[in-house]
Structures are given as C-alpha cells and as structure tokens.
$ cat upload-v1.cif   # mmCIF, C-alpha atoms and all ligand atoms
data_protein
#
loop_
_atom_site.label_atom_id
_atom_site.label_comp_id
_atom_site.auth_asym_id
_atom_site.auth_seq_id
_atom_site.Cartn_x
_atom_site.Cartn_y
_atom_site.Cartn_z
CA MET A 179 45.37 -221.10 -26.14
CA ALA A 180 43.10 -219.88 -28.94
CA ASN A 181 43.37 -221.76 -32.21
CA LEU A 182 44.82 -218.95 -34.34
CA ASP A 183 47.68 -218.64 -36.81
CA TRP A 184 49.77 -216.14 -34.79
CA ASP A 185 51.91 -215.36 -37.85
CA ASP A 186 48.95 -214.29 -39.95
CA LEU A 187 46.81 -212.03 -37.81
CA SER A 188 46.98 -208.58 -39.47
CA PHE A 189 44.71 -205.98 -37.83
CA LYS A 190 41.12 -207.09 -37.72
CA TYR A 191 38.26 -207.72 -35.39
CA ARG A 192 38.19 -211.09 -33.70
CA GLN A 193 35.74 -211.91 -31.00
CA THR A 194 37.35 -212.89 -27.72
CA ASN A 195 35.84 -214.16 -24.44
CA VAL A 196 34.64 -210.92 -22.91
CA MET A 197 34.83 -207.15 -22.84
CA ILE A 198 34.90 -205.08 -19.66
CA VAL A 199 32.20 -202.47 -19.05
CA SER A 200 31.55 -199.65 -16.60
CA ARG A 201 28.76 -197.08 -16.76
CA TYR A 202 28.72 -193.50 -15.52
CA LYS A 203 25.51 -192.08 -14.10
CA ASP A 204 24.73 -189.46 -11.44
CA GLY A 205 28.39 -188.68 -10.93
CA GLU A 206 29.60 -192.25 -10.36
CA TRP A 207 31.20 -195.06 -12.29
CA SER A 208 29.81 -198.54 -11.71
CA ALA A 209 32.10 -201.39 -10.71
CA PRO A 210 33.53 -202.87 -13.94
CA VAL A 211 32.05 -206.15 -15.12
CA ALA A 212 33.14 -208.67 -17.73
CA THR A 213 30.50 -209.55 -20.29
CA SER A 214 30.48 -212.00 -23.18
CA ASP A 215 27.63 -210.02 -24.77
CA PHE A 216 29.35 -207.77 -27.30
CA ASP A 217 26.10 -206.10 -28.35
CA PHE A 218 25.15 -202.84 -26.67
CA HIS A 219 21.54 -202.28 -25.70
CA LEU A 220 21.27 -198.52 -26.13
CA SER A 221 18.63 -195.93 -26.88
CA ALA A 222 18.53 -194.96 -30.53
CA TYR A 223 18.60 -191.41 -29.16
CA ALA A 224 21.98 -191.87 -27.46
CA GLY A 225 24.32 -188.95 -28.15
CA THR A 226 27.01 -191.23 -29.55
CA PHE A 227 24.85 -192.06 -32.59
CA HIS A 228 23.76 -188.57 -33.58
CA TYR A 229 26.41 -186.17 -32.38
CA ALA A 230 29.50 -188.40 -32.14
CA ASN A 231 29.74 -188.12 -28.37
CA SER A 232 32.46 -190.72 -28.64
CA ALA A 233 36.17 -191.13 -28.08
CA PHE A 234 38.48 -194.13 -28.00
CA GLU A 235 41.99 -195.29 -27.27
CA GLY A 236 44.40 -197.93 -28.52
CA LEU A 237 47.16 -199.70 -26.59
CA LYS A 238 48.87 -203.06 -26.68
CA ALA A 239 49.73 -205.93 -24.36
CA PHE A 240 52.71 -208.18 -25.13
CA ARG A 241 53.85 -211.63 -24.04
CA GLY A 242 57.55 -211.24 -23.35
CA VAL A 243 60.54 -213.46 -23.92
CA ASP A 244 60.40 -214.09 -20.13
CA ASN A 245 56.71 -215.11 -20.46
CA LYS A 246 55.62 -211.99 -18.54
CA VAL A 247 52.67 -209.92 -19.80
CA ARG A 248 53.42 -206.24 -20.38
CA LEU A 249 50.97 -203.43 -21.02
CA PHE A 250 52.61 -200.45 -22.71
CA ARG A 251 52.06 -197.07 -21.04
CA PRO A 252 48.36 -197.40 -20.07
CA ASP A 253 48.68 -194.29 -17.87
CA GLU A 254 49.32 -192.20 -20.99
CA ASN A 255 46.23 -193.56 -22.73
CA ALA A 256 44.15 -192.91 -19.60
CA LYS A 257 45.29 -189.29 -19.55
CA ARG A 258 44.60 -188.84 -23.24
CA LEU A 259 41.09 -190.26 -22.86
CA GLN A 260 40.47 -187.80 -20.04
CA ARG A 261 41.48 -184.96 -22.37
CA SER A 262 39.10 -186.35 -25.01
CA GLY A 263 36.27 -186.64 -22.49
CA HIS A 264 36.88 -183.07 -21.39
CA ARG A 265 36.77 -181.87 -25.02
CA LEU A 266 33.42 -183.62 -25.43
CA GLY A 267 32.10 -182.34 -22.10
CA MET A 268 31.73 -185.97 -21.02
CA ALA A 269 32.96 -187.90 -17.97
CA ALA A 270 35.97 -190.16 -18.49
CA PRO A 271 37.34 -192.88 -16.18
CA SER A 272 40.11 -192.17 -13.70
CA GLU A 273 43.58 -193.43 -14.52
CA GLU A 274 43.05 -196.12 -11.90
CA LEU A 275 39.74 -197.38 -13.34
CA PHE A 276 41.10 -197.23 -16.88
CA THR A 277 44.15 -199.31 -15.97
CA GLN A 278 42.13 -201.74 -13.85
CA MET A 279 39.76 -202.41 -16.77
CA CYS A 280 42.62 -202.85 -19.25
CA CYS A 281 44.27 -205.39 -16.92
CA MET A 282 40.95 -207.22 -16.46
CA CYS A 283 40.48 -207.33 -20.22
CA VAL A 284 43.91 -208.88 -20.79
CA LYS A 285 43.48 -211.45 -18.00
CA GLU A 286 39.96 -212.51 -19.02
CA ASN A 287 41.09 -212.97 -22.62
CA ILE A 288 44.55 -214.31 -21.91
CA GLU A 289 44.35 -217.17 -24.42
CA TYR A 290 44.11 -214.54 -27.15
CA LEU A 291 47.39 -212.92 -26.14
CA PRO A 292 49.84 -214.01 -28.86
CA PRO A 293 52.84 -215.99 -27.60
CA TYR A 294 56.30 -214.44 -27.81
CA GLY A 295 58.12 -214.77 -31.11
CA HIS A 296 55.38 -214.11 -33.66
CA ASN A 297 55.70 -210.34 -33.71
CA ALA A 298 52.08 -210.15 -32.66
CA SER A 299 50.32 -208.56 -29.69
CA MET A 300 46.96 -208.00 -28.10
CA TYR A 301 45.41 -204.69 -29.13
CA LEU A 302 43.16 -203.13 -26.51
CA ARG A 303 40.42 -200.78 -27.61
CA PRO A 304 38.98 -198.66 -24.80
CA LEU A 305 35.81 -196.90 -25.95
CA LEU A 306 33.88 -194.05 -24.33
CA ILE A 307 30.37 -193.26 -25.56
CA GLY A 308 27.52 -191.00 -24.50
CA THR A 309 24.42 -193.09 -23.86
CA ASN A 310 21.54 -190.99 -22.47
CA PRO A 311 18.68 -190.31 -24.89
CA GLN A 312 18.74 -186.75 -26.25
CA LEU A 313 17.40 -184.80 -29.17
CA GLY A 314 19.23 -181.47 -28.98
CA ILE A 315 22.98 -181.09 -29.35
CA ALA A 316 24.47 -181.59 -25.90
CA SER A 317 27.24 -183.38 -24.06
CA SER A 318 26.09 -186.73 -22.71
CA ASN A 319 25.63 -186.98 -18.97
CA GLU A 320 25.43 -190.78 -18.98
CA VAL A 321 28.42 -192.58 -20.36
CA LEU A 322 29.52 -196.11 -21.10
CA PHE A 323 33.18 -197.02 -20.96
CA CYS A 324 34.31 -200.41 -22.18
CA VAL A 325 37.59 -202.12 -22.98
CA MET A 326 37.68 -204.79 -25.66
CA CYS A 327 40.61 -206.52 -27.29
CA SER A 328 41.78 -208.45 -30.31
CA PRO A 329 45.00 -210.30 -31.15
CA VAL A 330 46.80 -208.41 -33.93
CA GLY A 331 49.79 -208.58 -36.24
CA THR A 332 50.82 -205.71 -38.51
CA TYR A 333 48.30 -202.98 -39.33
CA SER A 334 48.67 -203.27 -43.11
CA GLY A 335 48.88 -207.05 -43.16
CA ALA A 336 52.27 -206.72 -44.90
CA LYS A 337 55.50 -207.97 -43.33
CA SER A 338 56.66 -205.94 -40.37
CA LEU A 339 58.87 -202.97 -41.42
CA SER A 340 58.09 -203.42 -45.11
CA PRO A 341 57.84 -199.95 -46.66
CA GLY A 342 54.61 -198.64 -48.16
CA THR A 343 53.63 -195.72 -50.36
CA ALA A 344 51.78 -192.60 -49.27
CA VAL A 345 49.83 -189.85 -50.96
CA ILE A 346 49.23 -186.31 -49.72
CA ALA A 347 45.61 -185.34 -49.09
CA ARG A 348 45.66 -181.76 -50.41
CA ASP A 349 41.95 -181.36 -50.88
CA TYR A 350 40.75 -183.21 -47.78
CA ASP A 351 41.45 -182.44 -44.13
CA ARG A 352 41.04 -184.79 -41.18
CA ALA A 353 40.83 -181.90 -38.73
CA ALA A 354 39.88 -178.23 -38.76
CA PRO A 355 42.03 -175.36 -37.49
CA HIS A 356 41.13 -175.01 -33.81
CA GLY A 357 39.14 -178.23 -34.18
CA THR A 358 39.59 -181.64 -32.58
CA GLY A 359 42.63 -183.07 -34.41
CA ALA A 360 44.68 -183.16 -31.22
CA TYR A 361 42.07 -185.30 -29.44
CA LYS A 362 41.32 -188.94 -30.10
CA LEU A 363 37.65 -188.44 -30.95
CA SER A 364 35.74 -190.87 -33.16
CA ALA A 365 34.54 -187.95 -35.29
CA ASN A 366 38.09 -187.33 -36.56
CA TYR A 367 38.14 -190.72 -38.22
CA ALA A 368 34.82 -190.21 -40.00
CA THR A 369 36.35 -187.30 -41.92
CA SER A 370 39.20 -189.48 -43.13
CA LEU A 371 37.11 -192.38 -44.46
CA TYR A 372 36.29 -191.03 -47.91
CA PRO A 373 39.82 -189.80 -48.76
CA TYR A 374 41.20 -193.08 -47.37
CA ASN A 375 38.95 -195.03 -49.69
CA LEU A 376 40.27 -192.98 -52.61
CA ALA A 377 43.90 -193.48 -51.57
CA HIS A 378 43.53 -197.22 -50.98
CA GLY A 379 41.64 -197.57 -54.26
CA GLN A 380 44.70 -196.09 -55.96
CA GLY A 381 47.03 -198.54 -54.22
CA TYR A 382 48.50 -196.23 -51.58
CA ARG A 383 49.01 -197.59 -48.09
CA GLU A 384 48.97 -194.27 -46.27
CA LEU A 385 47.31 -190.89 -46.53
CA LEU A 386 49.28 -187.86 -45.38
CA PHE A 387 47.25 -184.91 -44.12
CA LEU A 388 48.54 -181.33 -44.16
CA ASP A 389 47.91 -178.57 -41.66
CA PRO A 390 44.30 -177.55 -42.31
CA ALA A 391 44.91 -173.80 -42.02
CA THR A 392 47.49 -173.36 -44.81
CA HIS A 393 48.04 -176.76 -46.44
CA THR A 394 51.76 -176.00 -46.58
CA LYS A 395 53.00 -178.14 -43.69
CA VAL A 396 52.93 -181.83 -42.89
CA ASP A 397 50.50 -182.81 -40.11
CA GLU A 398 50.14 -186.59 -39.81
CA PHE A 399 48.85 -189.75 -41.41
CA GLY A 400 45.23 -190.74 -40.88
CA SER A 401 46.13 -193.49 -38.43
CA SER A 402 49.51 -192.38 -37.13
CA ASN A 403 52.08 -189.62 -36.64
CA PHE A 404 54.77 -188.58 -39.14
CA LEU A 405 58.37 -189.13 -38.14
CA ALA A 406 61.40 -188.41 -40.29
CA ILE A 407 65.12 -188.94 -39.93
CA LYS A 408 67.50 -186.26 -41.22
CA GLY A 409 71.14 -186.89 -40.37
CA ASN A 410 71.27 -187.28 -36.61
CA SER A 411 67.89 -185.58 -36.13
CA TYR A 412 64.50 -187.06 -35.38
CA VAL A 413 62.00 -184.68 -36.96
CA THR A 414 58.27 -184.68 -36.20
CA PRO A 415 55.64 -182.00 -36.87
CA LEU A 416 54.60 -179.62 -34.14
CA SER A 417 50.99 -178.74 -34.90
CA ASP A 418 47.86 -178.19 -32.86
CA SER A 419 45.85 -180.44 -35.20
CA VAL A 420 48.03 -183.54 -34.72
CA LEU A 421 47.17 -186.29 -32.23
CA PRO A 422 49.81 -186.47 -29.47
CA SER A 423 50.99 -190.01 -30.15
CA ILE A 424 52.26 -192.07 -27.25
CA THR A 425 54.43 -194.11 -29.62
CA ASN A 426 55.97 -190.93 -31.05
CA LYS A 427 56.59 -189.56 -27.56
CA SER A 428 58.29 -192.84 -26.57
CA LEU A 429 60.36 -192.96 -29.75
CA GLN A 430 61.55 -189.40 -29.12
CA THR A 431 62.87 -190.53 -25.74
CA VAL A 432 64.52 -193.55 -27.38
CA ALA A 433 66.09 -191.26 -30.01
CA GLU A 434 67.47 -189.05 -27.26
CA ASP A 435 68.80 -192.15 -25.49
CA PHE A 436 70.66 -192.87 -28.75
CA GLY A 437 72.14 -189.36 -28.69
CA MET A 438 69.95 -188.04 -31.49
CA LYS A 439 68.54 -184.52 -31.64
CA VAL A 440 64.73 -184.38 -31.48
CA GLU A 441 63.18 -181.60 -33.56
CA LYS A 442 59.50 -180.94 -32.91
CA ARG A 443 58.69 -178.18 -35.33
CA ALA A 444 56.74 -177.14 -38.40
CA VAL A 445 57.64 -179.36 -41.37
CA PRO A 446 57.09 -177.69 -44.79
CA VAL A 447 55.84 -180.20 -47.38
CA GLU A 448 58.88 -179.57 -49.63
CA GLU A 449 61.19 -180.68 -46.83
CA ILE A 450 60.10 -184.27 -47.53
CA ALA A 451 62.73 -184.16 -50.31
CA GLU A 452 65.44 -183.66 -47.66
CA PHE A 453 64.64 -186.58 -45.36
CA ASP A 454 66.72 -189.76 -45.25
CA GLU A 455 63.92 -191.87 -43.80
CA ILE A 456 60.19 -191.37 -43.25
CA ASN A 457 57.82 -193.43 -41.15
CA ALA A 458 54.31 -193.59 -39.87
CA CYS A 459 54.33 -194.27 -36.14
CA GLY A 460 51.59 -195.26 -33.72
CA THR A 461 50.31 -198.12 -31.61
CA ALA A 462 48.69 -199.98 -34.50
CA VAL A 463 51.37 -199.28 -37.14
CA VAL A 464 54.34 -199.30 -34.67
CA ILE A 465 56.94 -197.94 -37.13
CA THR A 466 55.93 -198.32 -40.75
CA PRO A 467 58.49 -197.05 -43.27
CA ILE A 468 57.32 -194.95 -46.21
CA CYS A 469 59.24 -195.38 -49.47
CA SER A 470 57.57 -192.68 -51.59
CA VAL A 471 55.11 -189.82 -51.20
CA ASP A 472 52.99 -188.61 -54.11
CA ASP A 473 51.63 -185.08 -54.21
CA LYS A 474 48.47 -184.34 -56.17
CA ALA A 475 46.33 -181.22 -56.49
CA ALA A 476 43.25 -183.42 -56.11
CA LEU A 477 43.10 -186.86 -54.58
CA GLU A 478 40.47 -187.96 -57.09
CA SER A 479 42.68 -187.09 -60.05
CA ASN A 480 45.24 -189.43 -61.62
CA VAL A 481 47.72 -186.57 -62.11
CA VAL A 482 50.67 -186.73 -59.75
CA THR A 483 52.39 -183.34 -59.58
CA LYS A 484 55.43 -184.53 -57.64
CA THR A 485 56.83 -187.77 -56.28
CA TYR A 486 59.17 -187.74 -53.32
CA LYS A 487 61.33 -190.86 -53.39
CA ILE A 488 62.68 -191.54 -49.93
CA PRO A 489 66.37 -192.57 -50.02
CA SER A 490 65.84 -195.60 -47.77
CA GLY A 491 63.69 -196.97 -50.63
CA ASP A 492 62.41 -200.54 -50.40
CA GLU A 493 64.23 -201.21 -47.14
CA CYS A 494 63.44 -199.86 -43.70
CA GLY A 495 66.01 -197.14 -42.93
CA VAL A 496 68.87 -198.03 -40.59
CA VAL A 497 67.92 -195.48 -37.92
CA SER A 498 64.23 -196.33 -38.05
CA ARG A 499 65.05 -200.01 -37.61
CA LYS A 500 67.21 -199.17 -34.61
CA LEU A 501 64.36 -197.19 -33.03
CA TYR A 502 61.92 -199.99 -33.81
CA ASN A 503 64.14 -202.67 -32.29
CA ARG A 504 64.60 -200.69 -29.08
CA ILE A 505 60.91 -199.98 -28.50
CA ARG A 506 59.83 -203.50 -29.46
CA GLY A 507 62.65 -204.87 -27.33
CA ILE A 508 61.32 -203.00 -24.30
CA GLN A 509 57.78 -204.24 -25.00
CA ASP A 510 58.98 -207.83 -25.38
CA GLY A 511 61.19 -207.79 -22.26
CA LEU A 512 64.35 -208.13 -24.36
CA GLU A 513 65.65 -204.71 -23.37
CA GLU A 514 65.71 -203.07 -19.98
CA ASP A 515 62.67 -200.84 -19.43
CA ILE A 516 64.76 -197.94 -18.16
CA HIS A 517 61.88 -195.44 -18.38
CA ASN A 518 59.37 -197.65 -16.56
CA TRP A 519 56.95 -197.72 -19.45
CA CYS A 520 55.59 -201.23 -19.10
CA LEU A 521 53.04 -202.34 -16.56
CA VAL A 522 53.82 -205.98 -15.83
CA LEU A 523 50.59 -207.84 -15.09
N1 LIG A 601 47.59 -190.18 -35.07
C1 LIG A 601 46.38 -190.70 -35.27
C2 LIG A 601 45.42 -189.96 -36.11
C3 LIG A 601 46.04 -191.93 -34.67
O1 LIG A 601 44.84 -192.47 -34.87
C4 LIG A 601 46.98 -192.60 -33.88
C5 LIG A 601 46.65 -193.84 -33.22
O2 LIG A 601 46.35 -193.91 -32.07
C6 LIG A 601 48.24 -192.01 -33.71
C7 LIG A 601 48.52 -190.79 -34.32
C8 LIG A 601 49.28 -192.66 -32.88
O3 LIG A 601 49.05 -192.53 -31.51
P1 LIG A 601 49.56 -193.61 -30.49
O4 LIG A 601 51.00 -193.76 -30.71
O5 LIG A 601 49.24 -193.06 -29.16
O6 LIG A 601 48.81 -194.87 -30.79
C1 LIG A 602 46.00 -196.88 -32.85
O1 LIG A 602 47.11 -196.95 -33.36
O2 LIG A 602 45.77 -197.30 -31.70
C2 LIG A 602 44.87 -196.31 -33.56
O3 LIG A 602 43.92 -195.96 -32.93
C3 LIG A 602 44.96 -196.17 -35.03
C4 LIG A 602 43.81 -196.71 -35.79
C5 LIG A 602 43.63 -198.17 -35.65
C6 LIG A 602 42.57 -195.93 -35.57
#
$ encode --input "upload-v1.cif" --output "structure tokens" --more "lines below"
Ligand code: PLP
Ligand code: COI
Amino acid sequence: MANLDWDDLSFKYRQTNVMIVSRYKDGEWSAPVATSDFDFHLSAYAGTFHYANSAFEGLKAFRGVDNKVRLFRPDENAKRLQRSGHRLGMAAPSEELFTQMCCMCVKENIEYLPPYGHNASMYLRPLLIGTNPQLGIASSNEVLFCVMCSPVGTYSGAKSLSPGTAVIARDYDRAAPHGTGAYKLSANYATSLYPYNLAHGQGYRELLFLDPATHTKVDEFGSSNFLAIKGNSYVTPLSDSVLPSITNKSLQTVAEDFGMKVEKRAVPVEEIAEFDEINACGTAVVITPICSVDDKAALESNVVTKTYKIPSGDECGVVSRKLYNRIRGIQDGLEEDIHNWCLVL
C-alpha cells in the first residue's frame, strides 16, 4: 500500500508505478505494454504539439466496501474517445483495447487505489495523441494511446459536497457554435484556461459557460456539466456545445429511478433564479453543489450585475445529496448495481 494520506488527496498528479501504452501505425494497434518511463520520446513535429491532435478521457476505479475493485462505465468512455478520434480524423482504440488497458493500469498500480472509507478513488486518464512528424495542418496517421492514473480525493480539495461559488463567463467561450464543445478534445480546455485563471483569482470555484451562439442559455462549467433541481424535475441543458457527461447520463437514470422527471432542454440564464439546487457534475467533481452564481458583463471587471443565490445555500441540497449517495453507493458496492454500470476487476 502506498504511503499516502488517503483523506487528503485532492486532485493532483502523483506518479504511480507505470502507465500503459499502445501505438497505432499502418492500421494496427500494438500490444499494450506497461512502462515506468512517464516521459514520451516524440518528434517535436508531432501533430499533438502544433495542432492539438489530442483527446483524453477521465474515469474512476473504486475499492468497494466488499473489497472488490470497480471501474465505472469504461465502455462509455471508450465510445466517447472514439467519437473524439473521429472528430480529429485520428484512430482511436476499440472498446476492448480501451477497457483492457484501463484494467491493466488499475492492476499494475493497485497499491495506489485508495482503500474503502476515505471517499477517495483512483482517477484514470486515457490520452490519445497524434505522433507522426508533420508541418502542414493534417490529422495524424500515427497515434499513441496511453492510460495513466492517480489516486484522488475531491476536485476542489474542499470537503466532499461542500458548496462553492460560480461566475458566468459572458465574454469568454469554451467552445464555438458548430465547434468541438461536444467532444472531449484537449483544445477545448486550452480556451478555458485564461478565463479560469481570472475566475479563480477572484475566488470563484467554478466558471459557467453560456451557449456560444447567443450567450442567453446555460451550457456547462469548464470541467463539468450543469445540473439543477426544480421541484421534482432534474434539469440539464440540451446544447450541441456541451460535453455529453457520463456522470450526468448516469444521474439522469438515477433520478428517473427515484421517480423524478428529467428535463433535457435549453436553460435560459435567468432561470437560475428559479432552481432549488444547482450542481456541477462530472467524473472529477462527482456532484459539487453551487451556492451562488454571479453574472458580470466582463469577467475582468469587478462589477457584478446580478447574483443568483441558490436556496440550498451553504448546504448540499436534499435531492442532490440523494443522487450523490446513490451513485457513490453503486460505485462503492453499497448499493445494488441494477444498471450494470460497474466492471468488477
Ligand atoms: N464537461 C466537461 C467540459 C468536462 O471536462 C467533463 C469531464 O469529463 C464533464 C463535462 C463531465 O463528463 P464525465 O461525467 O463524463 O466525466
Ligand atoms: C473529468 O471529470 O474526468 C475531467 O476530465 C474534468 C477535468 C479534470 C478536465
């Protein structure tokens, strides 16, 4: 067992034993290998460096109350990476290879899998990059796929389910209309770095992006989807610039299991005033409650034009907590996995 404080992990890079690597060339993927060398030896002309021929995924493995190891919905991540690869014109691993490499990564680094009871997990980061040397803009025809991992606690470092503040990014977009927002491409994150720095510098935990075409509707947070509770409804934006979150999809099923109505639809910014509870949701953030949302004409300015105070306030909302407990319960083996989401290693 690694010598780590499992209660104080937050979300940061920690080197583990190995990562798992496969390379694509001439139409074939090589057999995956484990390597303790975390440095890539790549041409400086590789497409990933110049033209962001790069996509990634994020999923978690959990040590359950029954001591079993569960990987949460790797098939969904494999499919999403294939969509990303297709959008980049780049090969992506089959669902089988993807899952095989994730399982290898967990097993080879098993002492870094946090024990049950610390609300911590092992975050897996599958990465797909174009490697052949090129000068002109083109899709890469040689690709490296690797899966690495790190033990993690909460994304913000704050206590699990402790609410944070958010600010709307009115004058910055993470995605363009008809762009790549609905794909998990590395390039999408580059666009969010500068506005994130501004928001964090002003003490906000989250940055809420609007639909890039009209800036009148809620899209998503920079690292996660937007989910709101309104009466017995689960409301989440329907937009072609939002990443299809696997956590959100799973929570929608859980909400339906609870007899809630799921509304996937356009969410006008002003509707924030009508929600009982708001959360960010995603693999890294799980469910992170939002207690207030500031609106500003310009992110750089100190002038807040409107503050939406969310009724659940400094506590996680009752419904959000119920959703959280169910999904975490399934991941930890406390609740029956009725939808067959977990792959038990
Ligand atoms: N939206 C963005 C922009 C993300 O980076 C993520 C994280 O993966 C999500 C949403 C949540 O997706 P998932 O639940 O599949 O992790
Ligand atoms: C995830 O939740 O897996 C993400 O990729 C979000 C962020 C760490 C980029």
$ closest_residue --input "upload-v1.cif" --among "A:Asp397, A:Asp244, A:Asp185, A:Asp204" --to "ligand LIG 601 (chain A)" --atoms "all atoms listed in the file"
A:Asp397
$ atom_distance --input "upload-v1.cif" --atom1 "CA of Ser370 in chain A" --atom2 "CA of Arg352 in chain A"
5.4 Å
$ closest_atom_pairs --input "upload-v1.cif" --of "range 273-347 of chain A" --to "range 469-484 of chain A" --cutoff "9 Å" --atoms "all atoms listed in the file" --output "tab-separated table"
residue	atom	partner	partner_atom	distance
A:Pro341	CA	A:Cys469	CA	5.5
A:Gly342	CA	A:Cys469	CA	5.8
A:Thr343	CA	A:Ser470	CA	5.1
A:Ala344	CA	A:Val471	CA	4.7
A:Val345	CA	A:Asp472	CA	4.6
A:Ile346	CA	A:Asp473	CA	5.2
A:Ala347	CA	A:Leu477	CA	6.2
$ residues_near_ligand --input "upload-v1.cif" --ligand "ligand LIG 601 (chain A)" --cutoff "7 Å" --atoms "only C-alpha atoms and all ligand atoms" --output "number ranges by chain"
A: 235-237, 362, 398-403, 420-426, 459-462
$ write_last_selection --input "upload-v1.cif" --atoms "C-alpha atoms" --output "mmCIF file, keeping the file's coordinate frame"
data_model
loop_
_atom_site.group_PDB
_atom_site.id
_atom_site.type_symbol
_atom_site.label_atom_id
_atom_site.label_comp_id
_atom_site.auth_asym_id
_atom_site.auth_seq_id
_atom_site.Cartn_x
_atom_site.Cartn_y
_atom_site.Cartn_z
ATOM 1 C CA GLU A 235 41.990 -195.290 -27.270
ATOM 2 C CA GLY A 236 44.400 -197.930 -28.520
ATOM 3 C CA LEU A 237 47.160 -199.700 -26.590
ATOM 4 C CA LYS A 362 41.320 -188.940 -30.100
ATOM 5 C CA GLU A 398 50.140 -186.590 -39.810
ATOM 6 C CA PHE A 399 48.850 -189.750 -41.410
ATOM 7 C CA GLY A 400 45.230 -190.740 -40.880
ATOM 8 C CA SER A 401 46.130 -193.490 -38.430
ATOM 9 C CA SER A 402 49.510 -192.380 -37.130
ATOM 10 C CA ASN A 403 52.080 -189.620 -36.640
ATOM 11 C CA VAL A 420 48.030 -183.540 -34.720
ATOM 12 C CA LEU A 421 47.170 -186.290 -32.230
ATOM 13 C CA PRO A 422 49.810 -186.470 -29.470
ATOM 14 C CA SER A 423 50.990 -190.010 -30.150
ATOM 15 C CA ILE A 424 52.260 -192.070 -27.250
ATOM 16 C CA THR A 425 54.430 -194.110 -29.620
ATOM 17 C CA ASN A 426 55.970 -190.930 -31.050
ATOM 18 C CA CYS A 459 54.330 -194.270 -36.140
ATOM 19 C CA GLY A 460 51.590 -195.260 -33.720
ATOM 20 C CA THR A 461 50.310 -198.120 -31.610
ATOM 21 C CA ALA A 462 48.690 -199.980 -34.500
#
$ residues_around --input "upload-v1.cif" --residues "Glu449 in chain A" --least-positions-apart "2" --cutoff "10 Å" --atoms "all atoms listed in the file" --output "MDAnalysis selection string"
chainID A and resid 395:396 445:447 451:453 486
$ atom_distance --input "upload-v1.cif" --atom1 "CA of Ala270 in chain A" --atom2 "CA of Ile307 in chain A"
9.5 Å
$ atom_distance --input "upload-v1.cif" --atom1 "CA of Glu434 in chain A" --atom2 "CA of Ser411 in chain A"
9.5 Å
